[in-house]
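Raw contents of start_5.tsv, TSV, C-alpha atoms:
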chain	number	residue	atom	x	y	z
A	1	MET	CA	0.00	0.00	0.00
A	2	ALA	CA	1.46	3.36	-1.04
A	3	LYS	CA	1.13	6.78	0.56
A	4	ILE	CA	-1.50	9.14	-0.82
A	5	GLU	CA	-0.16	12.63	-1.54
A	6	PHE	CA	-3.28	14.50	-0.50
A	7	GLU	CA	-1.64	17.83	-1.19
A	8	LYS	CA	-1.88	16.99	-4.90
A	9	LEU	CA	-5.59	16.21	-4.75
A	10	ARG	CA	-8.35	18.65	-5.67
A	11	PHE	CA	-11.80	18.12	-4.16
A	12	VAL	CA	-15.26	19.52	-4.73
A	13	VAL	CA	-17.50	19.14	-1.67
A	14	ALA	CA	-21.20	19.56	-2.45
A	15	ASP	CA	-23.69	19.78	0.41
A	16	ASP	CA	-26.45	22.29	1.08
A	17	ASN	CA	-25.60	22.22	4.78
A	18	ALA	CA	-22.75	24.61	5.60
A	19	HIS	CA	-21.87	22.74	8.80
A	20	MET	CA	-21.45	19.47	6.96
A	21	ARG	CA	-19.27	21.15	4.32
A	22	ARG	CA	-17.14	22.55	7.13
A	23	ILE	CA	-16.74	19.12	8.73
A	24	VAL	CA	-15.73	17.47	5.44
A	25	ARG	CA	-13.36	20.33	4.56
A	26	THR	CA	-11.78	20.08	8.03
A	27	LEU	CA	-11.20	16.35	7.54
A	28	LEU	CA	-9.73	16.79	4.04
A	29	ARG	CA	-7.44	19.61	5.16
A	30	ALA	CA	-6.21	17.48	8.04
A	31	PHE	CA	-5.44	14.70	5.54
A	32	GLY	CA	-3.27	17.22	3.71
A	33	SER	CA	-5.49	18.61	0.94
A	34	ARG	CA	-5.39	22.33	0.28
A	35	GLU	CA	-7.48	22.68	-2.87
A	36	ILE	CA	-11.08	22.21	-1.79
A	37	CYS	CA	-13.97	23.89	-3.56
A	38	GLU	CA	-17.37	23.99	-1.87
A	39	ALA	CA	-20.79	23.99	-3.52
A	40	GLU	CA	-24.17	24.41	-1.81
A	41	ASP	CA	-26.43	23.01	-4.53
A	42	GLY	CA	-26.34	20.69	-7.51
A	43	ALA	CA	-25.94	23.45	-10.08
A	44	SER	CA	-22.99	25.06	-8.29
A	45	ALA	CA	-21.42	21.64	-7.89
A	46	LEU	CA	-21.69	20.92	-11.62
A	47	GLU	CA	-20.17	24.31	-12.40
A	48	ALA	CA	-17.35	23.62	-9.93
A	49	VAL	CA	-16.70	20.21	-11.49
A	50	GLU	CA	-16.43	21.76	-14.95
A	51	ASN	CA	-14.31	24.75	-13.97
A	52	PHE	CA	-12.29	23.64	-10.95
A	53	LEU	CA	-11.61	20.19	-12.47
A	54	PRO	CA	-11.38	18.25	-9.21
A	55	ASP	CA	-9.84	14.82	-8.81
A	56	ILE	CA	-12.69	13.68	-6.54
A	57	LEU	CA	-16.24	14.91	-5.93
A	58	ILE	CA	-17.84	14.36	-2.52
A	59	THR	CA	-21.56	15.00	-2.73
A	60	ASP	CA	-24.69	14.82	-0.64
A	61	ILE	CA	-27.93	13.45	-2.16
A	62	LYS	CA	-30.47	15.98	-0.91
A	63	MET	CA	-29.60	19.39	-2.36
A	64	PRO	CA	-31.52	22.27	-3.97
A	65	ILE	CA	-31.83	22.87	-7.74
A	66	PHE	CA	-30.79	19.33	-8.54
A	67	ASP	CA	-29.82	16.59	-6.17
A	68	GLY	CA	-26.72	14.42	-5.91
A	69	ILE	CA	-28.24	11.65	-8.03
A	70	GLU	CA	-29.07	14.08	-10.85
A	71	LEU	CA	-25.65	15.68	-10.49
A	72	THR	CA	-24.00	12.28	-10.87
A	73	GLN	CA	-26.11	11.48	-13.93
A	74	MET	CA	-25.07	14.78	-15.54
A	75	ILE	CA	-21.39	14.14	-14.85
A	76	ARG	CA	-21.63	10.55	-16.13
A	77	ASN	CA	-22.69	11.68	-19.58
A	78	PRO	CA	-19.88	10.57	-21.88
A	79	ASP	CA	-21.09	12.84	-24.68
A	80	GLY	CA	-21.80	16.05	-22.78
A	81	SER	CA	-19.71	16.05	-19.64
A	82	LYS	CA	-16.17	17.40	-19.33
A	83	HIS	CA	-15.35	14.94	-16.58
A	84	PRO	CA	-17.32	11.68	-17.08
A	85	TYR	CA	-14.78	9.49	-15.27
A	86	LEU	CA	-14.60	11.67	-12.14
A	87	PRO	CA	-14.54	9.57	-8.94
A	88	ILE	CA	-17.70	10.44	-6.99
A	89	ILE	CA	-18.19	9.69	-3.30
A	90	MET	CA	-21.78	10.05	-2.19
A	91	LEU	CA	-21.96	11.13	1.44
A	92	THR	CA	-25.51	11.04	2.72
A	93	ALA	CA	-27.79	10.43	5.68
A	94	TYR	CA	-30.00	8.27	3.42
A	95	SER	CA	-28.90	4.73	4.11
A	96	GLU	CA	-31.90	2.76	2.83
A	97	ARG	CA	-31.16	0.03	0.29
A	98	LYS	CA	-33.35	1.83	-2.26
A	99	ARG	CA	-31.17	4.94	-2.05
A	100	VAL	CA	-27.92	3.00	-2.19
A	101	LEU	CA	-29.07	1.21	-5.35
A	102	GLN	CA	-30.28	4.47	-6.84
A	103	ALA	CA	-26.87	6.03	-6.18
A	104	ARG	CA	-25.07	3.00	-7.63
A	105	ASP	CA	-27.22	3.06	-10.75
A	106	SER	CA	-26.59	6.76	-11.28
A	107	GLY	CA	-22.85	6.00	-11.41
A	108	VAL	CA	-21.35	6.90	-8.04
A	109	THR	CA	-18.00	5.34	-7.23
A	110	GLU	CA	-18.37	5.03	-3.45
A	111	PHE	CA	-21.24	5.44	-1.00
A	112	LEU	CA	-20.64	6.72	2.54
A	113	CYS	CA	-23.33	7.10	5.20
A	114	LYS	CA	-23.39	10.00	7.63
A	115	PRO	CA	-22.25	10.45	10.32
A	116	VAL	CA	-18.90	10.75	8.64
A	117	SER	CA	-15.74	9.71	10.47
A	118	ALA	CA	-12.13	10.47	9.61
A	119	ASN	CA	-11.42	6.78	9.15
A	120	ALA	CA	-14.39	6.09	6.84
A	121	LEU	CA	-13.71	9.11	4.64
A	122	TYR	CA	-10.01	8.30	4.37
A	123	LYS	CA	-10.80	4.70	3.37
A	124	ARG	CA	-13.24	5.78	0.64
A	125	VAL	CA	-10.74	8.23	-0.83
A	126	GLN	CA	-8.02	5.62	-0.61
A	127	ASN	CA	-10.20	3.08	-2.40
A	128	VAL	CA	-11.11	5.31	-5.34
A	129	ILE	CA	-7.41	6.08	-5.84
A	130	GLU	CA	-5.86	2.67	-5.24
A	131	ASN	CA	-8.55	0.54	-6.83
A	132	PRO	CA	-9.94	2.37	-9.84
A	133	ARG	CA	-12.71	0.34	-11.45
A	134	PRO	CA	-13.36	-0.23	-15.13
A	135	PHE	CA	-16.23	1.74	-16.61
A	136	ILE	CA	-19.20	0.12	-18.27
A	137	LYS	CA	-20.97	1.66	-21.22
A	138	VAL	CA	-24.39	0.47	-22.33
A	139	SER	CA	-27.39	2.39	-23.64
A	140	THR	CA	-28.86	2.70	-20.16
A	141	TYR	CA	-25.74	3.14	-18.04
A	142	PHE	CA	-22.34	4.77	-18.10
A	143	GLY	CA	-20.26	4.56	-14.95
A	144	PRO	CA	-18.05	2.39	-12.74
A	145	ASP	CA	-18.56	-1.35	-12.95
A	146	ARG	CA	-21.43	-2.16	-10.59
A	147	ARG	CA	-20.29	-5.73	-9.96
A	148	ARG	CA	-18.87	-5.95	-6.46
A	149	SER	CA	-17.69	-9.51	-6.93
A	150	ALA	CA	-17.69	-12.32	-9.42
A	151	ASP	CA	-20.57	-14.78	-9.31
A	152	PRO	CA	-18.90	-18.21	-9.28
A	153	ASN	CA	-22.17	-19.84	-10.32
A	154	PHE	CA	-22.72	-17.63	-13.37
A	155	ASN	CA	-22.86	-19.78	-16.47
A	156	GLY	CA	-24.49	-17.44	-18.98
A	157	ASP	CA	-22.93	-15.84	-22.03
A	158	GLU	CA	-20.20	-13.26	-21.46
A	159	ARG	CA	-21.66	-10.22	-23.22
A	160	ARG	CA	-19.01	-7.74	-22.14
A	161	LYS	CA	-16.61	-6.48	-24.75
A	162	THR	CA	-13.51	-4.48	-24.01
A	163	ASP	CA	-12.55	-1.39	-25.97
A	164	SER	CA	-8.91	-2.23	-25.42
A	165	ASN	CA	-6.86	-5.39	-25.33
A	166	ALA	CA	-5.30	-4.13	-22.13
A	167	PHE	CA	-8.22	-5.42	-20.09
A	168	MET	CA	-9.43	-8.98	-20.26
A	169	VAL	CA	-13.14	-9.68	-20.07
A	170	GLY	CA	-12.85	-12.56	-17.65
A	171	GLU	CA	-10.77	-10.55	-15.19
A	172	GLN	CA	-13.08	-9.71	-12.31
A	173	VAL	CA	-12.89	-6.45	-10.47
A	174	SER	CA	-14.74	-5.19	-7.46
A	175	LEU	CA	-17.38	-2.47	-7.72
B	197	MET	CA	-38.37	-13.93	-22.76
B	198	SER	CA	-39.93	-10.55	-23.60
B	199	ALA	CA	-38.71	-8.53	-26.57
B	200	GLU	CA	-37.37	-5.92	-24.17
B	201	MET	CA	-35.38	-8.51	-22.21
B	202	GLN	CA	-34.05	-10.06	-25.41
B	203	LYS	CA	-32.97	-6.61	-26.64
B	204	ALA	CA	-31.16	-5.96	-23.36
B	205	LYS	CA	-29.51	-9.39	-23.61
B	206	ASP	CA	-28.31	-8.73	-27.15
B	207	GLU	CA	-26.96	-5.28	-26.36
B	208	GLU	CA	-23.24	-4.80	-26.56
B	209	ILE	CA	-21.56	-3.96	-23.27
B	210	ILE	CA	-18.37	-1.95	-23.53
B	211	VAL	CA	-15.85	-2.36	-20.72
B	212	ILE	CA	-13.47	0.58	-20.45
B	213	PRO	CA	-10.26	-0.29	-18.58
B	214	PRO	CA	-9.70	1.40	-15.20
B	215	ARG	CA	-8.06	4.82	-15.47
B	216	THR	CA	-4.86	4.92	-13.49
B	217	ASP	CA	-3.85	8.56	-14.06
B	218	LEU	CA	-4.95	9.66	-10.58
B	219	LYS	CA	-3.27	6.68	-8.94
B	220	ASP	CA	-0.06	7.35	-10.88
B	221	ARG	CA	-0.07	11.00	-9.90
B	222	VAL	CA	-0.84	10.91	-6.16
B	223	LEU	CA	0.37	7.54	-4.88
B	224	LYS	CA	3.87	7.63	-3.53
B	225	PRO	CA	5.63	4.26	-3.45
B	226	GLY	CA	6.44	2.83	-0.05
B	227	SER	CA	4.48	1.76	2.99
B	228	SER	CA	1.58	3.99	3.94
B	229	ASN	CA	0.36	2.41	7.16
B	230	GLY	CA	2.03	4.99	9.38
B	231	ALA	CA	1.03	7.89	7.13
B	232	CYS	CA	-2.55	6.66	6.97
B	233	LYS	CA	-2.81	6.39	10.75
B	234	ARG	CA	-1.22	9.83	11.20
B	235	ALA	CA	-3.63	11.42	8.69
B	236	ILE	CA	-6.68	9.88	10.38
B	237	LYS	CA	-5.40	10.91	13.81
B	238	ALA	CA	-4.79	14.47	12.57
B	239	ALA	CA	-8.31	14.59	11.14
B	240	GLU	CA	-9.83	13.35	14.40
B	241	SER	CA	-7.89	16.03	16.30
B	242	ALA	CA	-9.06	18.69	13.82
B	243	ILE	CA	-12.69	17.68	14.41
B	244	GLU	CA	-12.05	17.77	18.15
B	245	GLU	CA	-10.76	21.35	17.79
B	246	LEU	CA	-13.80	22.23	15.72
B	247	SER	CA	-16.10	20.78	18.40
B	248	VAL	CA	-16.02	24.03	20.41
B	249	GLU	CA	-18.38	25.37	17.73
B	250	PHE	CA	-20.72	22.38	17.77
B	251	ASP	CA	-23.03	23.52	20.56
B	252	GLY	CA	-23.62	26.76	18.67
B	253	TRP	CA	-24.45	24.78	15.54
B	254	MET	CA	-26.97	22.65	17.47
B	255	THR	CA	-28.60	25.75	18.95
B	256	THR	CA	-28.92	27.31	15.49
B	257	SER	CA	-30.57	24.17	14.13
B	258	ILE	CA	-33.02	24.02	17.04
B	259	ASP	CA	-33.91	27.70	16.57
B	260	GLU	CA	-34.59	27.00	12.89
B	261	LEU	CA	-36.84	24.08	13.80
B	262	LEU	CA	-38.77	26.11	16.37
B	263	LEU	CA	-39.23	28.89	13.83
B	264	LYS	CA	-40.79	26.49	11.34
B	265	LEU	CA	-43.29	24.95	13.76
B	266	PRO	CA	-46.11	27.58	13.60
B	267	GLN	CA	-46.24	27.33	9.79
B	268	VAL	CA	-46.15	23.52	9.97
B	269	HIS	CA	-49.08	23.55	12.41
B	270	GLN	CA	-50.97	25.82	10.05
B	271	ASP	CA	-50.21	24.04	6.76
B	272	GLY	CA	-49.61	20.45	7.86
B	273	LEU	CA	-46.65	18.12	7.45
B	274	ASN	CA	-47.29	17.62	3.73
B	275	SER	CA	-46.67	21.31	2.99
B	276	ALA	CA	-43.67	23.36	1.92
B	277	ALA	CA	-43.10	24.22	5.60
B	278	GLY	CA	-43.23	20.51	6.43
B	279	GLU	CA	-40.65	19.82	3.73
B	280	GLU	CA	-38.39	22.56	5.17
B	281	LEU	CA	-38.72	21.05	8.63
B	282	HIS	CA	-37.86	17.65	7.16
B	283	THR	CA	-34.73	19.11	5.53
B	284	ILE	CA	-33.47	20.48	8.87
B	285	MET	CA	-34.28	17.18	10.60
B	286	HIS	CA	-32.52	15.27	7.84
B	287	ASP	CA	-29.41	17.46	8.25
B	288	LEU	CA	-29.48	16.81	12.01
B	289	LYS	CA	-29.80	13.09	11.38
B	290	GLY	CA	-26.57	13.28	9.38
B	291	GLN	CA	-24.50	15.58	11.54
B	292	ALA	CA	-25.72	15.40	15.17
B	293	THR	CA	-23.58	12.36	15.98
B	294	THR	CA	-20.49	14.18	14.72
B	295	LEU	CA	-21.52	17.16	16.87
B	296	GLY	CA	-21.66	14.89	19.95
B	297	TYR	CA	-25.42	14.30	20.07
B	298	PRO	CA	-26.10	10.78	18.76
B	299	VAL	CA	-29.49	10.67	20.50
B	300	VAL	CA	-30.53	13.79	18.60
B	301	ALA	CA	-29.56	11.99	15.39
B	302	GLU	CA	-31.76	9.06	16.46
B	303	ILE	CA	-34.75	11.32	17.15
B	304	SER	CA	-34.27	13.14	13.84
B	305	ASP	CA	-34.13	9.77	12.10
B	306	THR	CA	-37.39	8.75	13.77
B	307	LEU	CA	-39.27	11.80	12.51
B	308	CYS	CA	-37.67	11.59	9.03
B	309	ASN	CA	-38.72	7.96	8.89
B	310	LEU	CA	-42.32	8.87	9.70
B	311	MET	CA	-42.42	11.67	7.15
B	312	GLU	CA	-40.79	9.58	4.43
B	313	LYS	CA	-42.66	6.32	4.96
B	314	ALA	CA	-46.20	7.28	6.00
B	315	PRO	CA	-48.56	6.42	3.12
B	316	ASP	CA	-50.36	9.76	3.54
B	317	THR	CA	-48.38	12.46	5.39
B	318	SER	CA	-51.41	14.74	5.49
B	319	ARG	CA	-52.92	12.37	8.06
B	320	ILE	CA	-49.98	12.76	10.45
B	321	SER	CA	-50.51	15.39	13.15
B	322	SER	CA	-48.02	18.23	13.19
B	323	LYS	CA	-48.00	17.79	16.97
B	324	ILE	CA	-45.88	14.68	16.43
B	325	ALA	CA	-43.27	16.86	14.72
B	326	GLU	CA	-43.41	19.37	17.58
B	327	LEU	CA	-42.91	16.56	20.08
B	328	HIS	CA	-39.70	15.58	18.30
B	329	VAL	CA	-38.46	19.18	18.10
B	330	ARG	CA	-39.16	19.83	21.80
B	331	SER	CA	-37.47	16.55	22.72
B	332	ILE	CA	-34.34	17.58	20.84
B	333	GLN	CA	-34.41	20.95	22.57
B	334	THR	CA	-34.73	19.28	25.98
B	335	ILE	CA	-31.91	16.84	25.32
B	336	VAL	CA	-29.51	19.54	24.14
B	337	GLN	CA	-30.36	21.81	27.08
B	338	GLU	CA	-30.60	19.27	29.88
B	339	CYS	CA	-28.80	16.05	29.02
B	340	THR	CA	-25.19	15.04	28.76
B	341	LYS	CA	-23.66	14.47	25.35
B	342	ASN	CA	-23.15	11.08	23.74
B	343	HIS	CA	-25.05	7.91	24.57
B	344	ASP	CA	-24.78	7.79	28.32
B	345	ASP	CA	-27.78	9.87	29.40
B	346	PRO	CA	-30.70	7.66	30.53
B	347	LYS	CA	-33.24	10.45	30.15
B	348	ALA	CA	-32.19	11.16	26.56
B	349	ASN	CA	-32.24	7.47	25.70
B	350	ALA	CA	-35.69	7.03	27.26
B	351	ILE	CA	-37.09	9.96	25.27
B	352	SER	CA	-35.63	8.59	22.04
B	353	LEU	CA	-37.00	5.11	22.66
B	354	GLY	CA	-40.45	6.45	23.55
B	355	LEU	CA	-40.62	8.49	20.34
B	356	ARG	CA	-39.44	5.58	18.23
B	357	GLN	CA	-42.06	3.24	19.69
B	358	MET	CA	-44.76	5.85	19.15
B	359	VAL	CA	-43.77	6.38	15.52
B	360	MET	CA	-43.61	2.64	14.85
B	361	LYS	CA	-47.15	2.33	16.21
B	362	ILE	CA	-48.40	5.20	14.05
B	363	LEU	CA	-46.73	3.78	10.94
B	364	LYS	CA	-48.25	0.36	11.58
B	365	GLN	CA	-51.71	1.90	11.93
B	366	GLU	CA	-51.24	3.94	8.77
B	367	PHE	CA	-49.98	0.95	6.76
B	368	ASP	CA	-52.90	-1.18	8.02
B	369	ARG	CA	-55.32	1.56	7.05
B	370	ALA	CA	-53.76	1.90	3.59
B	371	ASP	CA	-53.96	-1.89	3.10
B	372	GLN	CA	-57.65	-1.93	3.98
B	373	LYS	CA	-58.50	0.71	1.37

Starting from the file, lay out its structure as structure tokens.
Amino acid sequence: MAKIEFEKLRFVVADDNAHMRRIVRTLLRAFGSREICEAEDGASALEAVENFLPDILITDIKMPIFDGIELTQMIRNPDGSKHPYLPIIMLTAYSERKRVLQARDSGVTEFLCKPVSANALYKRVQNVIENPRPFIKVSTYFGPDRRRSADPNFNGDERRKTDSNAFMVGEQVSL
Amino acid sequence: MSAEMQKAKDEEIIVIPPRTDLKDRVLKPGSSNGACKRAIKAAESAIEELSVEFDGWMTTSIDELLLKLPQVHQDGLNSAAGEELHTIMHDLKGQATTLGYPVVAEISDTLCNLMEKAPDTSRISSKIAELHVRSIQTIVQECTKNHDDPKANAISLGLRQMVMKILKQEFDRADQK
């Protein structure tokens, strides 16, 4: 495991609650990051993603104008977005299965439930950096591979095709 | 198999290899265990330093909740005022534990649960919301922080049981319709 040079990382933190933005910014600064841009709604966050060009977006779900799910869908638009591969960590107080699946299907990279702890946030950031996932492109989805693990009992056709020989279809990666 | 399912089955799935540019740029070779522990420790200390402001943040949130109550009583929980109250409660659910008030987070969760899951929010009395807000106010003013205050825990449990009962009644009623 290698050391993360947080001072080289740029973050956008999107949350309509100023206190929560302050907490996340405090944690990131303590990790070593200095370039942190805050956004208080979905529209400001999208603007920040396009202009500030962060390495990682940390976003809430419930926000004015458009929410974190809609924000993720806009970013994960391979034809219209400037930053479709941006790692996105969804940090939210919604922990119901329905919300987690909704976030996954919108294309988030990691999901983190509030209350946030230093340890949990560090581990999510570490994971998006150390274990980048392949992206999947189909007509209904563009985003990180949603498979968390290989199904050893799967015996159907392998329909996945790579766009590069560098990555083998049978090689399983975690979501 | 339906035509839609067959179409989905036939669709080409493109797998784009993982991008390693970020990893290449910010990962420094060598062991990180010590650095990781130090970074987490530093972040915990930074939050500890920030905690002197937490009581002020809680007071502000409670004032906002109290300010919303008259409008919620007038318009009901399924109104714009009700939605605003839910937003504040939802924020508290997410941050109160970090601020040192896990029981407040539990109570906020209980009310959010009721407002999000009740089949018809217009049937829920706004007095239930007020009960939650006043309970939070009491706990912040009179109880010790964290999980070790019996009074705070008893209030939280009582509210949760009440809400579970209401939700059961409302679900039963919706099923009978």

Kindly provide, as a list in words, the residues of chain B having any atom no farther than 6 Å from an atom of chain A, counting only C-alpha atoms.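 Applying the cut-off to the listed atoms yields Ile209, Ile210, Val211, Ile212, Pro213, Pro214, Lys219, Val222, Leu223, Lys224, Pro225, Gly226, Ser227, Ser228, Ala235, Ile236, Ala238, Ala239, Gly290 and Gln291 of chain B.
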
Kindly give the distance, in Å, that separates CA of Thr72 in chain A and CA of Ile36 in chain A, rounded to a single decimal. 18.7 Å

Distance in Å - CA of Val299 in chain B versus CA of Leu265 in chain B: 21.0 Å

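CA of Ser322 in chain B is found 26.4 Å from CA of Gly252 in chain B.
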
Taking (-37.8, 20.2, 19.1) in the file's own coordinates, collect the residues within 12 Å, counting all atoms listed in the file, and hand them back as a ChimeraX atom specification. /B:254-265,281,284-285,288,300,303-304,307,322-337,351

Which polymer residues have any atom within 12 Å of an atom of Gln102 in chain A, counting only C-alpha atoms, with same-chain residues fewer than 2 positions away left out, as number ranges by chain? A: 61, 68-70, 72-73, 90, 94-100, 104-108, 111, 146
